[in-house]
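What follows is a single structure, written as structure tokens, with notes after it.
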Amino acid sequence: MNTAVIVDAVRTPIAKGKLGGAYADLHPVDLHAHVLTDLVARNDIDPAVVDDVISGAVGQVGEQSGNTARWALLGAGFPESVPGVTVDRQCGSSQQAIHFAAQGVIAGAYDVVIASGVESMSHVPIGSQSESKDFLGTKVAARYPDGLVPQGISAELIANRWDLSRIQLDEFAATSHQRAARAWKDGLFDSQITPVTDLHVDETVRGDSSVDTLAGLRLAFRNEFWEQRYPELDWRVTAGNSSPVNDGSAAVLITSDAAAQRLGLAPRARIHSFAVAGDDPIYMLTGIIPATQKVLARAGLGIDDIDAFEVNEAFASVVLAWLHETGADPAKVNINGGAIAIGHPLGASGARLATTLLNNLEQSGGRYGLQVMCEAGGLANATIIERL
């Protein structure tokens, strides 16, 4: 059996995903192509040796439609002989791309593969791919007769179930911003960044964020309709303790051990174990709990064996519930900030987390890193890497 190793990982700075954001005038294919070009240039490899480019994108409509991975690799100047495919596991799409890439290497189907992701939320707003609202079918509607809910309502349900106060959510969010600002100040992101415009830092990081400033923000999801459906909720989720909308891209170079040796590449980590899990689609974002348990069991490791965690901060309540259930050390979780500060460009976030996790392990001298991503529909991806 082959070993799948990570040779390199790179990401763009994350921009605001709206009018006036740094990438608002940049086509998502061009944004994606930039990281692909930089990844092969950084490692001095001929892109012709790439067996496949597997990319995540959530909004696969408009400028991100038609198998956007193929157009990005051609935009990056790769030979026409290099194939590409775009996958959708919602917010975990590019983490799933990493899983597929690793599986291909382990099976012997690939020697060299790139797993990447892109999302331009300024061009393709969240939910664009399901604007018809008619994608569930009659059987799903019959199974959930009260209807499914938006992710923000799921975040509120999680806060209620785990008895998480507004102050706890805001404290977590403020810490995310402070950690990310400190990481930028200390140069901890520098080696993983490839600027694509004149943006050189993540655009949504606010180092002066505090519980006091966050306390002044209005509730994001409370309205009469949801109050009637869930009268038990003590509403507490705001834009400040949720991830923002963003544009960005990231890419990870994955090879077999033998291919790395043949090409003169130095592997930085091996992809140790991976798992996917499903959970209640109403609570939706809690899948990271069983996914973590599943990947640890598959790896033969305990929670205390992990030296660094990247848990996607879709909402503060999600990570806090995960911490409660897993018993992980909060000091090891998102040590350089998370998506609440850095941003959450949906289809790119899995590859962004992998890039950050790899660098965190190298900077701290840790051995094992675990990343986990909550996803719409009650899904989650979990991945363990081992620093080499």
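Within each chain, counting starts at residue 1; across the structure tokens, chains are named A, B, ... in the order shown, with ligands numbered 1 upward in that order.
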
Practice task
May I have the residues within 9 Å of stretch 277-280 of chain A as a list of chain:residue names, using only C-alpha atoms and disregarding those fewer than 6 positions away in the same chain?
Solution key: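 Result of the neighbour search: A:Thr286, A:Gly287, A:Ile288, A:Ile289, A:Pro290, A:Ala291, A:Thr292, A:Lys294, A:Gly377, A:Gly378, A:Leu379, A:Ala380, A:Asn381, A:Ala382.
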
With N, CA and C atoms retained, write the just-selected residues as a PDB file, in the first residue's frame.
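Okay, this is what ended up in result-v2.pdb:
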ATOM      1  N   THR A 286     -23.380  19.345  13.846  1.00  0.00           N
ATOM      2  CA  THR A 286     -22.821  18.521  14.925  1.00  0.00           C
ATOM      3  C   THR A 286     -22.093  17.291  14.408  1.00  0.00           C
ATOM      4  N   GLY A 287     -22.070  17.083  13.099  1.00  0.00           N
ATOM      5  CA  GLY A 287     -21.397  15.921  12.538  1.00  0.00           C
ATOM      6  C   GLY A 287     -19.919  15.864  12.867  1.00  0.00           C
ATOM      7  N   ILE A 288     -19.337  16.996  13.227  1.00  0.00           N
ATOM      8  CA  ILE A 288     -17.910  16.998  13.574  1.00  0.00           C
ATOM      9  C   ILE A 288     -17.617  16.174  14.818  1.00  0.00           C
ATOM     10  N   ILE A 289     -18.617  15.954  15.662  1.00  0.00           N
ATOM     11  CA  ILE A 289     -18.396  15.165  16.881  1.00  0.00           C
ATOM     12  C   ILE A 289     -18.221  13.690  16.548  1.00  0.00           C
ATOM     13  N   PRO A 290     -19.188  13.042  15.860  1.00  0.00           N
ATOM     14  CA  PRO A 290     -18.937  11.645  15.488  1.00  0.00           C
ATOM     15  C   PRO A 290     -17.797  11.476  14.483  1.00  0.00           C
ATOM     16  N   ALA A 291     -17.573  12.470  13.626  1.00  0.00           N
ATOM     17  CA  ALA A 291     -16.465  12.363  12.671  1.00  0.00           C
ATOM     18  C   ALA A 291     -15.125  12.327  13.400  1.00  0.00           C
ATOM     19  N   THR A 292     -14.991  13.145  14.444  1.00  0.00           N
ATOM     20  CA  THR A 292     -13.755  13.143  15.238  1.00  0.00           C
ATOM     21  C   THR A 292     -13.562  11.803  15.919  1.00  0.00           C
ATOM     22  N   LYS A 294     -14.720   8.975  14.993  1.00  0.00           N
ATOM     23  CA  LYS A 294     -14.490   7.960  13.972  1.00  0.00           C
ATOM     24  C   LYS A 294     -13.051   7.978  13.471  1.00  0.00           C
ATOM     25  N   GLY A 377     -26.400  19.679   5.619  1.00  0.00           N
ATOM     26  CA  GLY A 377     -27.008  18.364   5.484  1.00  0.00           C
ATOM     27  C   GLY A 377     -26.671  17.421   6.615  1.00  0.00           C
ATOM     28  N   GLY A 378     -25.911  17.900   7.615  1.00  0.00           N
ATOM     29  CA  GLY A 378     -25.519  17.048   8.730  1.00  0.00           C
ATOM     30  C   GLY A 378     -24.329  16.169   8.421  1.00  0.00           C
ATOM     31  N   LEU A 379     -23.370  16.696   7.675  1.00  0.00           N
ATOM     32  CA  LEU A 379     -22.177  15.944   7.271  1.00  0.00           C
ATOM     33  C   LEU A 379     -20.930  16.513   7.926  1.00  0.00           C
ATOM     34  N   ALA A 380     -19.847  15.745   7.893  1.00  0.00           N
ATOM     35  CA  ALA A 380     -18.563  16.236   8.403  1.00  0.00           C
ATOM     36  C   ALA A 380     -17.429  15.400   7.850  1.00  0.00           C
ATOM     37  N   ASN A 381     -16.313  16.042   7.579  1.00  0.00           N
ATOM     38  CA  ASN A 381     -15.046  15.398   7.226  1.00  0.00           C
ATOM     39  C   ASN A 381     -14.069  15.565   8.367  1.00  0.00           C
ATOM     40  N   ALA A 382     -13.269  14.539   8.632  1.00  0.00           N
ATOM     41  CA  ALA A 382     -12.201  14.623   9.623  1.00  0.00           C
ATOM     42  C   ALA A 382     -10.942  14.011   9.030  1.00  0.00           C
TER      43      ALA A 382
END

Problem - For A:Gly75: contacts at 10 Å, only C-alpha atoms, fewer than 6 positions along chain excluded, given as a list in words - result: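 Residues meeting the cut-off are Val29, Asp30, Leu31, His32, Ala33, His34, Leu36, Thr37 and Ala69 of chain A.
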
Exercise for the section: For stretch 323-331 of chain A, list every protein, DNA or RNA residue within 12 Å, evaluated using only C-alpha atoms, and leave out those in the same chain fewer than 3 positions away; present the list as an MDAnalysis selection string. Expected result: chainID A and resid 158:159 161:164 172 175:176 179 286:294 296 302:311 316:320 334:337 370

Those same residues, written as a PDB file, in the first residue's frame with C-alpha atoms?
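Now in part21.pdb:
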ATOM      1  CA  ILE A 158     -26.668  23.889  19.215  1.00  0.00           C
ATOM      2  CA  ALA A 159     -26.149  26.857  21.542  1.00  0.00           C
ATOM      3  CA  ARG A 161     -28.706  22.248  23.564  1.00  0.00           C
ATOM      4  CA  TRP A 162     -25.226  22.765  25.010  1.00  0.00           C
ATOM      5  CA  ASP A 163     -26.344  25.747  27.140  1.00  0.00           C
ATOM      6  CA  LEU A 164     -23.838  28.143  25.594  1.00  0.00           C
ATOM      7  CA  PHE A 172     -14.706  32.636  21.611  1.00  0.00           C
ATOM      8  CA  THR A 175     -10.237  35.143  20.876  1.00  0.00           C
ATOM      9  CA  SER A 176     -10.294  33.976  17.258  1.00  0.00           C
ATOM     10  CA  ARG A 179      -5.117  34.920  17.798  1.00  0.00           C
ATOM     11  CA  THR A 286     -22.821  18.521  14.925  1.00  0.00           C
ATOM     12  CA  GLY A 287     -21.397  15.921  12.538  1.00  0.00           C
ATOM     13  CA  ILE A 288     -17.910  16.998  13.574  1.00  0.00           C
ATOM     14  CA  ILE A 289     -18.396  15.165  16.881  1.00  0.00           C
ATOM     15  CA  PRO A 290     -18.937  11.645  15.488  1.00  0.00           C
ATOM     16  CA  ALA A 291     -16.465  12.363  12.671  1.00  0.00           C
ATOM     17  CA  THR A 292     -13.755  13.143  15.238  1.00  0.00           C
ATOM     18  CA  GLN A 293     -14.531   9.987  17.182  1.00  0.00           C
ATOM     19  CA  LYS A 294     -14.490   7.960  13.972  1.00  0.00           C
ATOM     20  CA  LEU A 296      -9.448   8.856  16.051  1.00  0.00           C
ATOM     21  CA  GLY A 302      -6.797   9.414  21.548  1.00  0.00           C
ATOM     22  CA  ILE A 303      -7.797  13.053  21.723  1.00  0.00           C
ATOM     23  CA  ASP A 304      -4.739  13.810  23.872  1.00  0.00           C
ATOM     24  CA  ASP A 305      -2.410  12.428  21.189  1.00  0.00           C
ATOM     25  CA  ILE A 306      -3.312  15.299  18.883  1.00  0.00           C
ATOM     26  CA  ASP A 307      -0.960  18.273  19.057  1.00  0.00           C
ATOM     27  CA  ALA A 308      -2.981  20.758  17.004  1.00  0.00           C
ATOM     28  CA  PHE A 309      -6.598  20.983  15.892  1.00  0.00           C
ATOM     29  CA  GLU A 310      -8.244  22.975  13.131  1.00  0.00           C
ATOM     30  CA  VAL A 311     -11.997  22.961  13.754  1.00  0.00           C
ATOM     31  CA  ALA A 316     -18.732  29.732  17.704  1.00  0.00           C
ATOM     32  CA  SER A 317     -21.426  27.437  19.111  1.00  0.00           C
ATOM     33  CA  VAL A 318     -20.279  24.591  16.851  1.00  0.00           C
ATOM     34  CA  VAL A 319     -16.698  24.568  18.115  1.00  0.00           C
ATOM     35  CA  LEU A 320     -17.719  25.042  21.747  1.00  0.00           C
ATOM     36  CA  ASN A 334      -7.328  26.991  16.129  1.00  0.00           C
ATOM     37  CA  ILE A 335      -4.188  28.341  17.752  1.00  0.00           C
ATOM     38  CA  ASN A 336      -3.745  31.016  15.085  1.00  0.00           C
ATOM     39  CA  GLY A 337      -7.417  31.904  14.898  1.00  0.00           C
ATOM     40  CA  LEU A 370      -6.560  16.872  13.212  1.00  0.00           C
TER      41      LEU A 370
END

Counting only C-alpha atoms, what is within 10 Å of A:Gly369, bar same-chain residues fewer than 5 positions away, as a CSV table (one decimal) with C-alpha atoms, in the first residue's frame?
chain,number,residue,atom,x,y,z
A,269,ALA,CA,3.5,15.3,6.4
A,271,ILE,CA,-2.1,11.8,5.5
A,272,HIS,CA,-2.5,9.4,8.4
A,305,ASP,CA,-2.4,12.4,21.2
A,306,ILE,CA,-3.3,15.3,18.9
A,307,ASP,CA,-1.0,18.3,19.1
A,308,ALA,CA,-3.0,20.8,17.0
A,309,PHE,CA,-6.6,21.0,15.9
A,310,GLU,CA,-8.2,23.0,13.1
A,332,LYS,CA,-4.6,23.4,20.9
A,354,ALA,CA,-5.0,21.8,5.9
A,357,LEU,CA,-2.6,22.9,10.2
A,358,LEU,CA,0.5,21.8,8.4
A,360,ASN,CA,1.0,25.0,12.9
A,361,LEU,CA,2.6,21.5,13.4
A,383,THR,CA,-8.5,14.2,8.7
A,384,ILE,CA,-5.4,13.4,10.7
A,385,ILE,CA,-2.0,14.3,9.4
A,386,GLU,CA,1.4,13.4,10.8
A,387,ARG,CA,4.3,15.8,10.5

Problem - Best match for closeness to A:Val124 among A:Val245, A:Ala351, A:Leu188, A:Val82, counting only C-alpha atoms - result: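 Closest residue, counting only C-alpha atoms: A:Val245.
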
Problem - Test item: residues at most 10 Å from stretch 234-244 of chain A, only C-alpha atoms, excluding those fewer than 2 positions along its chain, as an NGL selection string - result: :A and (15-17 or 152-153 or 155-157 or 159-160 or 163-174 or 176 or 204 or 209 or 211 or 213-223 or 227 or 230-232 or 246 or 312-318 or 338-345)

Practice task
May I ask for the distance between atom CA of A:Thr255 and atom CA of A:Asp52, given in Å to one decimal place?
Solution key: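 Here the two named atoms are 11.0 Å from each other.
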
Problem - Distance query A:Ser93 at most 10 Å, only C-alpha atoms, self and fewer than 2 positions along chain excluded, as a VMD selection string - result: chain A and resid 54 to 58 86 to 91 95 to 99 115 to 118 346 to 351 373 375 381

Exercise for the section: Rounded to one decimal place, report the atom CA of A:Asp212-atom CA of A:Leu199 distance in Å. Expected result: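 Those two atoms sit 28.6 Å apart.
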
Handout entry: Residue nearest A:Ile193 among A:Ser249, A:Gly137, A:Phe274, A:Pro28 (counting only C-alpha atoms)
Key =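 Residue with the minimum atom-to-atom distance to A:Ile193: A:Ser249.
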
Exercise for the section: Run DSSP on the backbone of this structure and report the residues of stretch 166-309 of chain A it assigns to strand (DSSP E), as a count of residues only. Expected result: 23

Practice task
Would you mind reading off the distance between atom CA of A:Met1 and atom CA of A:Ser256, one decimal, in Å?
Solution key: 10.0 Å

Exercise for the section: Could you find all residues in stretch 129-372 of chain A that DSSP calls helix (DSSP H, G or I) from the backbone, and write them as a PyMOL selection string? Expected result: chain A and resi 129-130+137-143+151-161+166-185+190-192+211-215+224-229+257-262+285-299+303-305+316-326+330-332+339-342+346-364

Practice task
Between A:His123, A:Arg42, A:Lys139, A:Arg298, single out the one closest to A:Ser191, counting only C-alpha atoms.
Solution key: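 Smallest distance to A:Ser191 is found for A:Arg42.
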
Practice task
Identify, on the basis of only C-alpha atoms, every residue whose closest approach to A:Arg11 does not exceed 9 Å; exclude the query and any residue fewer than 6 positions from it along the same chain; express the result as a list of chain:residue names.
Solution key: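 The neighbour list is A:Val35, A:Gln192, A:Ile193, A:Thr194, A:Pro195, A:Gly248, A:Ser249, A:Ala250, A:Ala251, A:Val252, A:Ala348, A:Ala351, A:Arg352, A:Thr355, A:Thr356.
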